[in-house]
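Chemist: Okay, handing you the structure first.
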Amino acid sequence: MPEIASSVPDELGRFGDFGGRYAPEILVTPLEDLDATYRAVRDDAGFQAELATLFRQYSGRPTPLFHARRLSEHLGGASIYLKREDLLHTGAHKINNCLGQALLARRMGKRRVIAETGAGQHGVATATVCALFDLDCVVYMGSEDIRRQELNVFRMRLLGADVVSVEAGSCTLKEAISEAMRDWAGSFETTHYMLGSALGPHPYPLIVRDFQRVIGVEAREQFLAASGGSLPDLLIACVGGGSNSIGLFHPFLQDGDVAMVGVEAGGRGPGLGDHAARFSGGLPGVLQGTKSYILQDEDGQIALTHSVSAGLDYASVGPEHAWLRDLGRARYTSCTDTDALDAASVLSRYEGIIPALESAHAVAEAIRRAPQAPGKTFVVNLSGRGDKDIGILRENMPELG
Ligand SMILES: *Cc1c(COP(=O)(O)O)cnc(C)c1O
């Protein structure tokens with residue numbers, strides 16, 4: 001795969017035909033400043049050492065790579081290993097990106113941080129690092145999401161963040177991103193926009209991917225050590241905006257024998273509006289600063305999306321995934337709400353691990369493939385823990401009371 005070099009994206013943020021910087025004129029300066037700062041710290045040993053220390057002492061890295069023996073035996077095929085991002089502080093991989101961006105904000109002398117959030121997970125991780133670094137924190141959240149996610153709203157407020165309700169359109173994540181961009185256009189002199197996934201205008205897809213690469217770097221070393229020098233046959237991760245998956249995949253891109261599959265939200269089924277499977281149901285287009293695959297209707301209007309897991313529920317997907325998909329280096333599939341709920345239940349019973357519903361999509365794909373893959377090894381990214389989803393799990397499992 002010679003075309004997959006570590007230098008991608010190009011200086012305009014393009015991954016092949018995807019990515020780029022489709023931003024209003026006013027945001028070009030802060031985006032260029034962010035890009036320049038990031039390029040300076042990328043090879044700065046002091047910056048990287050400080051981030052590594054935070055990972056180790058604050059958020060709990062390295063996370064284990066766990067051989068799920070009971071689940072593997074139950075499925076009777078592939079050996080399944082779980083990368084335990086669910087054990088991190090705040091319960092998911094999002095803290096990796098937030099710690100990195102907090103150091104960037106400090107380096108740029110910005111004392112105020114804004115962020116968007118859908119389910120509230122990125123908002124909680126942002127509020128957490130802002131408390132740690134003594135930064136003012138404003139989180140934009142759609143009013144519908146505020147209603148659905150009151151516990152996370154409370155957590156953010158407890159951590160000292162100001163949660164601002166956004167009343168526009170469907171009152172969910174897309175509108176919250178637009179509002180955060182609007183704030184930034186008027187505040188960038190003092191404010192850093194802490195974007196939560198491998199999305200948005202350049203340089204965000206690059207920055208977020210690099211801060212999440214630690215997942216794959218660790219998993220690769222851990223697997224080599226556990227197997228006595230071989231690599232896994234298949235990597236599996238769920239894909240919302242695409243940050244946990246690109247974090248796992250990227251350090252393996254040059255390993256031609258390692259296959260990778262990203263799992264999108266199949267929701268209630270294939271009808272437009274019932275899922276967030278951008279690759280099977282979408283077309284190339286531009287949304288919120290980047291070119292990628294987008295769910296849209298015949299007139300090019302952005303479609304509504306649905307998933308039982310709020311973190312996978314967005315109409316676009318990170319541009320690097322669009323590129324990897326068109327190259328054929330990674331494959332993308334989807335699993336339904338029902339399959340994800342079943343997978344959460346299976347993992348709970350066989351391994352004593354209740355996964356986030358997002359991560360359960362990746363587990364569902366492992367469950368689907370393992371019986372046909374005897375002798376193969378899978379690494380599944382467990383991006384988060386299920387505590388936040390207990391209410392939804394409970395509603396869907398009335399037999400358990
Ligand atoms: C937010 C979230 C996701 C989806 O985001 P990506 O950027 O695609 O990783 C997946 N899993 C968990 C637990 C999340 O909180």
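Chain lettering (A, B, ...) mirrors the order of the structure tokens, residue numbering begins at 1 for each chain separately, and ligand numbering begins at 1 in order of display.
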Distance limit 7 Å, reference ligand 1, atoms considered: only C-alpha atoms and all ligand atoms. Which residues make the cut? Give them as a PDB file with all heavy atoms, in the first residue's frame.

Modeler:
ATOM      1  N   ALA A  92     -14.534   6.295  28.221  1.00  0.00           N
ATOM      2  CA  ALA A  92     -14.421   6.067  26.777  1.00  0.00           C
ATOM      3  C   ALA A  92     -13.137   6.694  26.247  1.00  0.00           C
ATOM      4  O   ALA A  92     -12.440   7.433  26.955  1.00  0.00           O
ATOM      5  CB  ALA A  92     -15.633   6.635  26.046  1.00  0.00           C
ATOM      6  N   HIS A  93     -12.884   6.422  24.968  1.00  0.00           N
ATOM      7  CA  HIS A  93     -11.669   6.907  24.315  1.00  0.00           C
ATOM      8  C   HIS A  93     -11.625   8.423  24.152  1.00  0.00           C
ATOM      9  O   HIS A  93     -10.581   8.976  23.843  1.00  0.00           O
ATOM     10  CB  HIS A  93     -11.561   6.261  22.932  1.00  0.00           C
ATOM     11  CG  HIS A  93     -12.628   6.728  21.987  1.00  0.00           C
ATOM     12  ND1 HIS A  93     -13.967   6.381  22.148  1.00  0.00           N
ATOM     13  CD2 HIS A  93     -12.590   7.554  20.925  1.00  0.00           C
ATOM     14  CE1 HIS A  93     -14.675   6.959  21.209  1.00  0.00           C
ATOM     15  NE2 HIS A  93     -13.872   7.677  20.439  1.00  0.00           N
ATOM     16  N   LYS A  94     -12.747   9.116  24.316  1.00  0.00           N
ATOM     17  CA  LYS A  94     -12.774  10.549  23.982  1.00  0.00           C
ATOM     18  C   LYS A  94     -11.769  11.359  24.792  1.00  0.00           C
ATOM     19  O   LYS A  94     -11.276  12.379  24.335  1.00  0.00           O
ATOM     20  CB  LYS A  94     -14.179  11.099  24.148  1.00  0.00           C
ATOM     21  CG  LYS A  94     -15.112  10.556  23.068  1.00  0.00           C
ATOM     22  CD  LYS A  94     -16.358  11.368  22.925  1.00  0.00           C
ATOM     23  CE  LYS A  94     -17.135  10.957  21.695  1.00  0.00           C
ATOM     24  NZ  LYS A  94     -17.811   9.634  21.848  1.00  0.00           N
ATOM     25  N   GLN A 121     -21.085  12.619  25.771  1.00  0.00           N
ATOM     26  CA  GLN A 121     -19.824  11.976  26.146  1.00  0.00           C
ATOM     27  C   GLN A 121     -18.632  12.892  25.866  1.00  0.00           C
ATOM     28  O   GLN A 121     -17.733  12.998  26.687  1.00  0.00           O
ATOM     29  CB  GLN A 121     -19.647  10.652  25.385  1.00  0.00           C
ATOM     30  CG  GLN A 121     -20.648   9.583  25.766  1.00  0.00           C
ATOM     31  CD  GLN A 121     -20.631   9.289  27.244  1.00  0.00           C
ATOM     32  OE1 GLN A 121     -21.557   9.674  27.965  1.00  0.00           O
ATOM     33  NE2 GLN A 121     -19.596   8.648  27.709  1.00  0.00           N
ATOM     34  N   HIS A 122     -18.632  13.516  24.684  1.00  0.00           N
ATOM     35  CA  HIS A 122     -17.526  14.433  24.391  1.00  0.00           C
ATOM     36  C   HIS A 122     -17.622  15.675  25.286  1.00  0.00           C
ATOM     37  O   HIS A 122     -16.605  16.215  25.718  1.00  0.00           O
ATOM     38  CB  HIS A 122     -17.520  14.823  22.908  1.00  0.00           C
ATOM     39  CG  HIS A 122     -16.480  15.852  22.581  1.00  0.00           C
ATOM     40  ND1 HIS A 122     -15.146  15.672  22.845  1.00  0.00           N
ATOM     41  CD2 HIS A 122     -16.588  17.106  22.050  1.00  0.00           C
ATOM     42  CE1 HIS A 122     -14.471  16.762  22.474  1.00  0.00           C
ATOM     43  NE2 HIS A 122     -15.317  17.639  21.990  1.00  0.00           N
ATOM     44  N   GLY A 196     -14.804  17.030  18.648  1.00  0.00           N
ATOM     45  CA  GLY A 196     -14.791  15.740  19.334  1.00  0.00           C
ATOM     46  C   GLY A 196     -14.551  14.497  18.518  1.00  0.00           C
ATOM     47  O   GLY A 196     -14.420  13.411  19.080  1.00  0.00           O
ATOM     48  N   SER A 197     -14.496  14.589  17.181  1.00  0.00           N
ATOM     49  CA  SER A 197     -14.234  13.370  16.421  1.00  0.00           C
ATOM     50  C   SER A 197     -13.350  13.704  15.219  1.00  0.00           C
ATOM     51  O   SER A 197     -12.981  14.864  15.016  1.00  0.00           O
ATOM     52  CB  SER A 197     -15.544  12.709  15.985  1.00  0.00           C
ATOM     53  OG  SER A 197     -15.263  11.425  15.450  1.00  0.00           O
ATOM     54  N   ALA A 198     -13.028  12.687  14.420  1.00  0.00           N
ATOM     55  CA  ALA A 198     -12.082  12.874  13.308  1.00  0.00           C
ATOM     56  C   ALA A 198     -12.794  13.482  12.108  1.00  0.00           C
ATOM     57  O   ALA A 198     -12.812  12.940  11.006  1.00  0.00           O
ATOM     58  CB  ALA A 198     -11.438  11.541  12.953  1.00  0.00           C
ATOM     59  N   CYS A 238     -16.298   0.381  15.925  1.00  0.00           N
ATOM     60  CA  CYS A 238     -17.503   1.098  15.501  1.00  0.00           C
ATOM     61  C   CYS A 238     -17.095   2.459  14.927  1.00  0.00           C
ATOM     62  O   CYS A 238     -16.042   3.007  15.267  1.00  0.00           O
ATOM     63  CB  CYS A 238     -18.475   1.269  16.671  1.00  0.00           C
ATOM     64  SG  CYS A 238     -17.884   2.321  18.005  1.00  0.00           S
ATOM     65  N   VAL A 239     -17.951   2.991  14.044  1.00  0.00           N
ATOM     66  CA  VAL A 239     -17.635   4.257  13.378  1.00  0.00           C
ATOM     67  C   VAL A 239     -18.804   5.236  13.537  1.00  0.00           C
ATOM     68  O   VAL A 239     -19.865   5.063  12.929  1.00  0.00           O
ATOM     69  CB  VAL A 239     -17.356   4.054  11.873  1.00  0.00           C
ATOM     70  CG1 VAL A 239     -16.871   5.370  11.248  1.00  0.00           C
ATOM     71  CG2 VAL A 239     -16.321   2.967  11.651  1.00  0.00           C
ATOM     72  N   GLY A 240     -18.582   6.254  14.389  1.00  0.00           N
ATOM     73  CA  GLY A 240     -19.514   7.377  14.454  1.00  0.00           C
ATOM     74  C   GLY A 240     -18.912   8.453  13.563  1.00  0.00           C
ATOM     75  O   GLY A 240     -19.000   8.405  12.341  1.00  0.00           O
ATOM     76  N   GLY A 241     -18.231   9.409  14.185  1.00  0.00           N
ATOM     77  CA  GLY A 241     -17.419  10.332  13.393  1.00  0.00           C
ATOM     78  C   GLY A 241     -16.160   9.656  12.890  1.00  0.00           C
ATOM     79  O   GLY A 241     -15.575  10.054  11.891  1.00  0.00           O
ATOM     80  N   GLY A 242     -15.744   8.628  13.605  1.00  0.00           N
ATOM     81  CA  GLY A 242     -14.627   7.814  13.135  1.00  0.00           C
ATOM     82  C   GLY A 242     -13.351   7.917  13.937  1.00  0.00           C
ATOM     83  O   GLY A 242     -12.296   7.496  13.464  1.00  0.00           O
ATOM     84  N   SER A 243     -13.405   8.444  15.176  1.00  0.00           N
ATOM     85  CA  SER A 243     -12.128   8.668  15.879  1.00  0.00           C
ATOM     86  C   SER A 243     -11.582   7.422  16.559  1.00  0.00           C
ATOM     87  O   SER A 243     -10.381   7.162  16.489  1.00  0.00           O
ATOM     88  CB  SER A 243     -12.254   9.828  16.866  1.00  0.00           C
ATOM     89  OG  SER A 243     -13.065   9.522  17.969  1.00  0.00           O
ATOM     90  N   ASN A 244     -12.422   6.624  17.219  1.00  0.00           N
ATOM     91  CA  ASN A 244     -11.852   5.438  17.874  1.00  0.00           C
ATOM     92  C   ASN A 244     -11.381   4.440  16.828  1.00  0.00           C
ATOM     93  O   ASN A 244     -10.353   3.776  16.995  1.00  0.00           O
ATOM     94  CB  ASN A 244     -12.811   4.835  18.909  1.00  0.00           C
ATOM     95  CG  ASN A 244     -13.821   3.848  18.346  1.00  0.00           C
ATOM     96  OD1 ASN A 244     -13.535   2.656  18.223  1.00  0.00           O
ATOM     97  ND2 ASN A 244     -15.004   4.329  17.964  1.00  0.00           N
ATOM     98  N   SER A 245     -12.108   4.354  15.723  1.00  0.00           N
ATOM     99  CA  SER A 245     -11.746   3.395  14.673  1.00  0.00           C
ATOM    100  C   SER A 245     -10.461   3.821  13.957  1.00  0.00           C
ATOM    101  O   SER A 245      -9.560   2.997  13.764  1.00  0.00           O
ATOM    102  CB  SER A 245     -12.901   3.241  13.679  1.00  0.00           C
ATOM    103  OG  SER A 245     -13.416   4.510  13.319  1.00  0.00           O
ATOM    104  N   GLY A 311     -23.858   8.005  20.061  1.00  0.00           N
ATOM    105  CA  GLY A 311     -22.527   8.361  19.567  1.00  0.00           C
ATOM    106  C   GLY A 311     -22.279   7.990  18.112  1.00  0.00           C
ATOM    107  O   GLY A 311     -21.281   8.398  17.536  1.00  0.00           O
ATOM    108  N   LEU A 312     -23.161   7.201  17.517  1.00  0.00           N
ATOM    109  CA  LEU A 312     -22.988   6.817  16.104  1.00  0.00           C
ATOM    110  C   LEU A 312     -23.961   7.551  15.195  1.00  0.00           C
ATOM    111  O   LEU A 312     -24.021   7.307  13.995  1.00  0.00           O
ATOM    112  CB  LEU A 312     -23.194   5.300  15.934  1.00  0.00           C
ATOM    113  CG  LEU A 312     -22.313   4.384  16.772  1.00  0.00           C
ATOM    114  CD1 LEU A 312     -22.571   2.924  16.414  1.00  0.00           C
ATOM    115  CD2 LEU A 312     -20.839   4.709  16.623  1.00  0.00           C
ATOM    116  N   ALA A 356     -20.447   0.023  26.058  1.00  0.00           N
ATOM    117  CA  ALA A 356     -21.260   1.104  25.508  1.00  0.00           C
ATOM    118  C   ALA A 356     -21.997   0.558  24.282  1.00  0.00           C
ATOM    119  O   ALA A 356     -21.494  -0.331  23.592  1.00  0.00           O
ATOM    120  CB  ALA A 356     -20.375   2.271  25.092  1.00  0.00           C
ATOM    121  N   GLU A 358     -22.389   1.930  21.464  1.00  0.00           N
ATOM    122  CA  GLU A 358     -21.571   2.162  20.267  1.00  0.00           C
ATOM    123  C   GLU A 358     -20.635   0.969  20.083  1.00  0.00           C
ATOM    124  O   GLU A 358     -20.598   0.332  19.024  1.00  0.00           O
ATOM    125  CB  GLU A 358     -20.740   3.455  20.415  1.00  0.00           C
ATOM    126  CG  GLU A 358     -21.554   4.735  20.403  1.00  0.00           C
ATOM    127  CD  GLU A 358     -22.123   5.084  21.771  1.00  0.00           C
ATOM    128  OE1 GLU A 358     -21.840   4.347  22.748  1.00  0.00           O
ATOM    129  OE2 GLU A 358     -22.860   6.091  21.870  1.00  0.00           O
ATOM    130  N   SER A 359     -19.858   0.679  21.137  1.00  0.00           N
ATOM    131  CA  SER A 359     -18.895  -0.425  21.079  1.00  0.00           C
ATOM    132  C   SER A 359     -19.587  -1.758  20.801  1.00  0.00           C
ATOM    133  O   SER A 359     -18.992  -2.648  20.167  1.00  0.00           O
ATOM    134  CB  SER A 359     -18.130  -0.530  22.399  1.00  0.00           C
ATOM    135  OG  SER A 359     -17.853   0.739  22.943  1.00  0.00           O
ATOM    136  N   SER A 383     -14.702   0.768  22.710  1.00  0.00           N
ATOM    137  CA  SER A 383     -14.460   2.207  22.816  1.00  0.00           C
ATOM    138  C   SER A 383     -14.968   2.815  24.114  1.00  0.00           C
ATOM    139  O   SER A 383     -14.447   3.841  24.560  1.00  0.00           O
ATOM    140  CB  SER A 383     -15.099   2.925  21.624  1.00  0.00           C
ATOM    141  OG  SER A 383     -16.471   2.584  21.498  1.00  0.00           O
ATOM    142  N   GLY A 384     -15.984   2.196  24.733  1.00  0.00           N
ATOM    143  CA  GLY A 384     -16.509   2.787  25.971  1.00  0.00           C
ATOM    144  C   GLY A 384     -17.309   1.797  26.787  1.00  0.00           C
ATOM    145  O   GLY A 384     -17.659   0.711  26.319  1.00  0.00           O
ATOM    146  N   ARG A 385     -17.595   2.189  28.022  1.00  0.00           N
ATOM    147  CA  ARG A 385     -18.346   1.299  28.922  1.00  0.00           C
ATOM    148  C   ARG A 385     -19.835   1.635  28.898  1.00  0.00           C
ATOM    149  O   ARG A 385     -20.232   2.731  28.485  1.00  0.00           O
ATOM    150  CB  ARG A 385     -17.776   1.374  30.335  1.00  0.00           C
ATOM    151  CG  ARG A 385     -17.989   2.674  31.039  1.00  0.00           C
ATOM    152  CD  ARG A 385     -17.407   2.627  32.460  1.00  0.00           C
ATOM    153  NE  ARG A 385     -15.986   2.917  32.456  1.00  0.00           N
ATOM    154  CZ  ARG A 385     -15.409   3.878  33.218  1.00  0.00           C
ATOM    155  NH1 ARG A 385     -16.139   4.588  34.049  1.00  0.00           N
ATOM    156  NH2 ARG A 385     -14.123   4.097  33.146  1.00  0.00           N
TER     157      ARG A 385
END

Chemist: Find the residues around Asp210 in chain A up to 12 Å (only C-alpha atoms counted), leave out those fewer than 4 positions away in its own chain, and share them as a PyMOL selection string.

Modeler: chain A and resi 6-9+38-39+41-43+48+96-98+100-101+197-198+203-206+214-217+243-251

Chemist: Counting only C-alpha atoms, what is within 10 Å of range 293-298 of chain A, bar same-chain residues fewer than 6 positions away, as a ChimeraX atom specification?

Modeler: /A:18,272-273,275-287,304-305,314-319,321-323

Chemist: With 8 Å as the cut-off and only C-alpha atoms counted, what is the closest atom pair between each nearby residue of range 164-261 of chain A and range 123-146 of chain A? Distances in Å to one decimal, ordered by chain and number, as a Markdown table.

Modeler:
| residue | atom | partner | partner_atom | distance |
| --- | --- | --- | --- | --- |
| A:Val164 | CA | A:Tyr140 | CA | 4.9 |
| A:Ser165 | CA | A:Ser143 | CA | 5.1 |
| A:Val166 | CA | A:Gly142 | CA | 4.5 |
| A:Glu167 | CA | A:Ser143 | CA | 5.8 |
| A:Ala168 | CA | A:Gly142 | CA | 7.8 |
| A:Ser170 | CA | A:Glu144 | CA | 7.6 |
| A:Cys171 | CA | A:Gly142 | CA | 4.3 |
| A:Thr172 | CA | A:Gly142 | CA | 4.2 |
| A:Leu173 | CA | A:Gly142 | CA | 6.1 |
| A:Glu175 | CA | A:Gly142 | CA | 6.6 |
| A:Ala176 | CA | A:Met141 | CA | 5.1 |
| A:Ile177 | CA | A:Tyr140 | CA | 7.5 |
| A:Glu179 | CA | A:Tyr140 | CA | 6.9 |
| A:Ala180 | CA | A:Tyr140 | CA | 6.2 |
| A:Met194 | CA | A:Thr126 | CA | 7.4 |

Chemist: Export N, CA and C atoms of the chosen residues as an mmCIF file, in the first residue's frame?

Modeler:
data_model
loop_
_atom_site.group_PDB
_atom_site.id
_atom_site.type_symbol
_atom_site.label_atom_id
_atom_site.label_comp_id
_atom_site.auth_asym_id
_atom_site.auth_seq_id
_atom_site.Cartn_x
_atom_site.Cartn_y
_atom_site.Cartn_z
ATOM 1 N N VAL A 164 -24.976 25.006 26.953
ATOM 2 C CA VAL A 164 -25.875 25.916 26.247
ATOM 3 C C VAL A 164 -26.811 25.110 25.347
ATOM 4 N N SER A 165 -28.097 25.316 25.517
ATOM 5 C CA SER A 165 -29.103 24.592 24.745
ATOM 6 C C SER A 165 -29.263 25.215 23.353
ATOM 7 N N VAL A 166 -29.235 24.369 22.320
ATOM 8 C CA VAL A 166 -29.369 24.854 20.941
ATOM 9 C C VAL A 166 -30.742 24.442 20.400
ATOM 10 N N GLU A 167 -31.518 25.472 20.036
ATOM 11 C CA GLU A 167 -32.867 25.225 19.511
ATOM 12 C C GLU A 167 -32.881 25.570 18.039
ATOM 13 N N ALA A 168 -32.619 24.593 17.195
ATOM 14 C CA ALA A 168 -32.674 24.827 15.747
ATOM 15 C C ALA A 168 -32.794 23.467 15.090
ATOM 16 N N SER A 170 -33.274 19.922 14.007
ATOM 17 C CA SER A 170 -33.687 18.750 14.770
ATOM 18 C C SER A 170 -33.233 18.839 16.228
ATOM 19 N N CYS A 171 -32.578 19.965 16.599
ATOM 20 C CA CYS A 171 -32.147 20.200 17.982
ATOM 21 C C CYS A 171 -31.218 19.104 18.486
ATOM 22 N N THR A 172 -30.305 18.630 17.578
ATOM 23 C CA THR A 172 -29.361 17.595 17.986
ATOM 24 C C THR A 172 -27.930 17.983 17.590
ATOM 25 N N LEU A 173 -27.087 16.979 17.356
ATOM 26 C CA LEU A 173 -25.643 17.223 17.213
ATOM 27 C C LEU A 173 -25.269 18.176 16.079
ATOM 28 N N GLU A 175 -26.803 20.650 14.723
ATOM 29 C CA GLU A 175 -27.068 22.054 15.072
ATOM 30 C C GLU A 175 -26.100 22.530 16.153
ATOM 31 N N ALA A 176 -25.726 21.622 17.067
ATOM 32 C CA ALA A 176 -24.768 22.000 18.118
ATOM 33 C C ALA A 176 -23.408 22.335 17.501
ATOM 34 N N ILE A 177 -22.995 21.575 16.472
ATOM 35 C CA ILE A 177 -21.716 21.865 15.795
ATOM 36 C C ILE A 177 -21.787 23.242 15.130
ATOM 37 N N GLU A 179 -23.554 25.772 15.921
ATOM 38 C CA GLU A 179 -23.548 26.832 16.943
ATOM 39 C C GLU A 179 -22.146 27.020 17.522
ATOM 40 N N ALA A 180 -21.418 25.927 17.713
ATOM 41 C CA ALA A 180 -20.043 26.037 18.221
ATOM 42 C C ALA A 180 -19.177 26.783 17.205
ATOM 43 N N MET A 194 -12.745 22.702 20.748
ATOM 44 C CA MET A 194 -12.317 21.334 21.003
ATOM 45 C C MET A 194 -13.276 20.370 20.301
#

Chemist: Write out as CSV the residues of range 269-376 of chain A that have any atom within 9 Å of an atom of range 391-400 of chain A, one row each with the nearest atom pair and its distance in Å to one decimal, counting only C-alpha atoms, sorted by chain and then rising number.

Modeler:
residue,atom,partner,partner_atom,distance
A:Val308,CA,A:Ile392,CA,8.0
A:Leu341,CA,A:Leu393,CA,7.1
A:Ala344,CA,A:Leu393,CA,8.5
A:Ser345,CA,A:Leu393,CA,8.8
A:Leu357,CA,A:Leu393,CA,8.6

Chemist: What lies within 12 Å of Val258 in chain A using only C-alpha atoms, ignoring chain neighbours under 5 positions off, as a PDB file with N, CA, C and O atoms, in the first residue's frame?

Modeler:
ATOM      1  N   MET A   1       0.848  -1.212   0.000  1.00  0.00           N
ATOM      2  CA  MET A   1       0.000   0.000   0.000  1.00  0.00           C
ATOM      3  C   MET A   1       0.869   1.243   0.000  1.00  0.00           C
ATOM      4  O   MET A   1       0.877   1.999   0.985  1.00  0.00           O
ATOM      5  N   ARG A 220      -1.096  -2.818  18.928  1.00  0.00           N
ATOM      6  CA  ARG A 220      -0.138  -3.505  18.071  1.00  0.00           C
ATOM      7  C   ARG A 220       0.985  -4.124  18.915  1.00  0.00           C
ATOM      8  O   ARG A 220       1.315  -5.302  18.785  1.00  0.00           O
ATOM      9  N   SER A 230       3.290 -12.230  16.116  1.00  0.00           N
ATOM     10  CA  SER A 230       2.416 -12.092  14.941  1.00  0.00           C
ATOM     11  C   SER A 230       1.403 -10.967  15.147  1.00  0.00           C
ATOM     12  O   SER A 230       1.212 -10.472  16.258  1.00  0.00           O
ATOM     13  N   LEU A 231       0.780 -10.579  14.056  1.00  0.00           N
ATOM     14  CA  LEU A 231      -0.212  -9.509  14.097  1.00  0.00           C
ATOM     15  C   LEU A 231      -1.610 -10.108  13.994  1.00  0.00           C
ATOM     16  O   LEU A 231      -1.781 -11.222  13.489  1.00  0.00           O
ATOM     17  N   PRO A 232      -2.618  -9.382  14.450  1.00  0.00           N
ATOM     18  CA  PRO A 232      -3.988  -9.901  14.332  1.00  0.00           C
ATOM     19  C   PRO A 232      -4.418  -9.984  12.865  1.00  0.00           C
ATOM     20  O   PRO A 232      -3.893  -9.284  12.006  1.00  0.00           O
ATOM     21  N   ASP A 233      -5.410 -10.840  12.597  1.00  0.00           N
ATOM     22  CA  ASP A 233      -5.923 -10.953  11.229  1.00  0.00           C
ATOM     23  C   ASP A 233      -6.927  -9.853  10.912  1.00  0.00           C
ATOM     24  O   ASP A 233      -7.042  -9.441   9.759  1.00  0.00           O
ATOM     25  N   LEU A 234      -7.663  -9.409  11.925  1.00  0.00           N
ATOM     26  CA  LEU A 234      -8.752  -8.462  11.657  1.00  0.00           C
ATOM     27  C   LEU A 234      -8.922  -7.500  12.826  1.00  0.00           C
ATOM     28  O   LEU A 234      -8.920  -7.916  13.984  1.00  0.00           O
ATOM     29  N   LEU A 235      -9.091  -6.229  12.496  1.00  0.00           N
ATOM     30  CA  LEU A 235      -9.435  -5.200  13.486  1.00  0.00           C
ATOM     31  C   LEU A 235     -10.898  -4.822  13.273  1.00  0.00           C
ATOM     32  O   LEU A 235     -11.334  -4.669  12.127  1.00  0.00           O
ATOM     33  N   ILE A 236     -11.622  -4.628  14.364  1.00  0.00           N
ATOM     34  CA  ILE A 236     -13.030  -4.233  14.256  1.00  0.00           C
ATOM     35  C   ILE A 236     -13.291  -3.064  15.206  1.00  0.00           C
ATOM     36  O   ILE A 236     -12.915  -3.115  16.380  1.00  0.00           O
ATOM     37  N   LEU A 248      -7.498   3.088  16.145  1.00  0.00           N
ATOM     38  CA  LEU A 248      -7.066   1.685  16.122  1.00  0.00           C
ATOM     39  C   LEU A 248      -6.437   1.326  14.781  1.00  0.00           C
ATOM     40  O   LEU A 248      -5.395   0.673  14.731  1.00  0.00           O
ATOM     41  N   PHE A 249      -7.056   1.745  13.687  1.00  0.00           N
ATOM     42  CA  PHE A 249      -6.618   1.285  12.356  1.00  0.00           C
ATOM     43  C   PHE A 249      -5.265   1.871  11.934  1.00  0.00           C
ATOM     44  O   PHE A 249      -4.452   1.180  11.330  1.00  0.00           O
ATOM     45  N   HIS A 250      -5.075   3.157  12.200  1.00  0.00           N
ATOM     46  CA  HIS A 250      -3.983   3.883  11.548  1.00  0.00           C
ATOM     47  C   HIS A 250      -2.604   3.242  11.732  1.00  0.00           C
ATOM     48  O   HIS A 250      -1.854   3.096  10.761  1.00  0.00           O
ATOM     49  N   PRO A 251      -2.240   2.819  12.954  1.00  0.00           N
ATOM     50  CA  PRO A 251      -0.915   2.219  13.117  1.00  0.00           C
ATOM     51  C   PRO A 251      -0.750   0.860  12.423  1.00  0.00           C
ATOM     52  O   PRO A 251       0.361   0.336  12.370  1.00  0.00           O
ATOM     53  N   PHE A 252      -1.829   0.310  11.877  1.00  0.00           N
ATOM     54  CA  PHE A 252      -1.759  -0.970  11.165  1.00  0.00           C
ATOM     55  C   PHE A 252      -1.885  -0.800   9.643  1.00  0.00           C
ATOM     56  O   PHE A 252      -1.893  -1.803   8.921  1.00  0.00           O
ATOM     57  N   LEU A 253      -2.018   0.426   9.157  1.00  0.00           N
ATOM     58  CA  LEU A 253      -2.323   0.599   7.732  1.00  0.00           C
ATOM     59  C   LEU A 253      -1.251  -0.007   6.821  1.00  0.00           C
ATOM     60  O   LEU A 253      -1.562  -0.506   5.736  1.00  0.00           O
ATOM     61  N   ARG A 329      -8.748  -0.306   1.453  1.00  0.00           N
ATOM     62  CA  ARG A 329      -7.873  -0.723   2.558  1.00  0.00           C
ATOM     63  C   ARG A 329      -8.687  -1.129   3.787  1.00  0.00           C
ATOM     64  O   ARG A 329      -8.288  -2.003   4.550  1.00  0.00           O
ATOM     65  N   ALA A 330      -9.790  -0.438   4.030  1.00  0.00           N
ATOM     66  CA  ALA A 330     -10.686  -0.833   5.126  1.00  0.00           C
ATOM     67  C   ALA A 330     -12.065  -1.094   4.530  1.00  0.00           C
ATOM     68  O   ALA A 330     -12.403  -0.546   3.478  1.00  0.00           O
ATOM     69  N   ARG A 331     -12.816  -1.940   5.182  1.00  0.00           N
ATOM     70  CA  ARG A 331     -14.198  -2.202   4.743  1.00  0.00           C
ATOM     71  C   ARG A 331     -15.156  -1.669   5.795  1.00  0.00           C
ATOM     72  O   ARG A 331     -14.799  -1.542   6.963  1.00  0.00           O
ATOM     73  N   LYS A 376      -8.347 -17.757  13.255  1.00  0.00           N
ATOM     74  CA  LYS A 376      -8.024 -16.337  13.041  1.00  0.00           C
ATOM     75  C   LYS A 376      -8.090 -15.569  14.372  1.00  0.00           C
ATOM     76  O   LYS A 376      -8.697 -16.037  15.348  1.00  0.00           O
ATOM     77  N   THR A 377      -7.468 -14.382  14.370  1.00  0.00           N
ATOM     78  CA  THR A 377      -7.496 -13.540  15.564  1.00  0.00           C
ATOM     79  C   THR A 377      -8.112 -12.183  15.226  1.00  0.00           C
ATOM     80  O   THR A 377      -7.800 -11.583  14.198  1.00  0.00           O
ATOM     81  N   PHE A 378      -9.002 -11.723  16.098  1.00  0.00           N
ATOM     82  CA  PHE A 378      -9.660 -10.421  15.929  1.00  0.00           C
ATOM     83  C   PHE A 378      -9.268  -9.511  17.096  1.00  0.00           C
ATOM     84  O   PHE A 378      -9.241  -9.978  18.239  1.00  0.00           O
ATOM     85  N   VAL A 379      -9.021  -8.249  16.813  1.00  0.00           N
ATOM     86  CA  VAL A 379      -8.934  -7.245  17.880  1.00  0.00           C
ATOM     87  C   VAL A 379     -10.140  -6.322  17.728  1.00  0.00           C
ATOM     88  O   VAL A 379     -10.329  -5.686  16.686  1.00  0.00           O
TER      89      VAL A 379
END

Chemist: At what distance in Å, to one decimal, does CA of Ser72 in chain A lie from CA of Gly352 in chain A?

Modeler: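 Here the two named atoms are 13.8 Å from each other.
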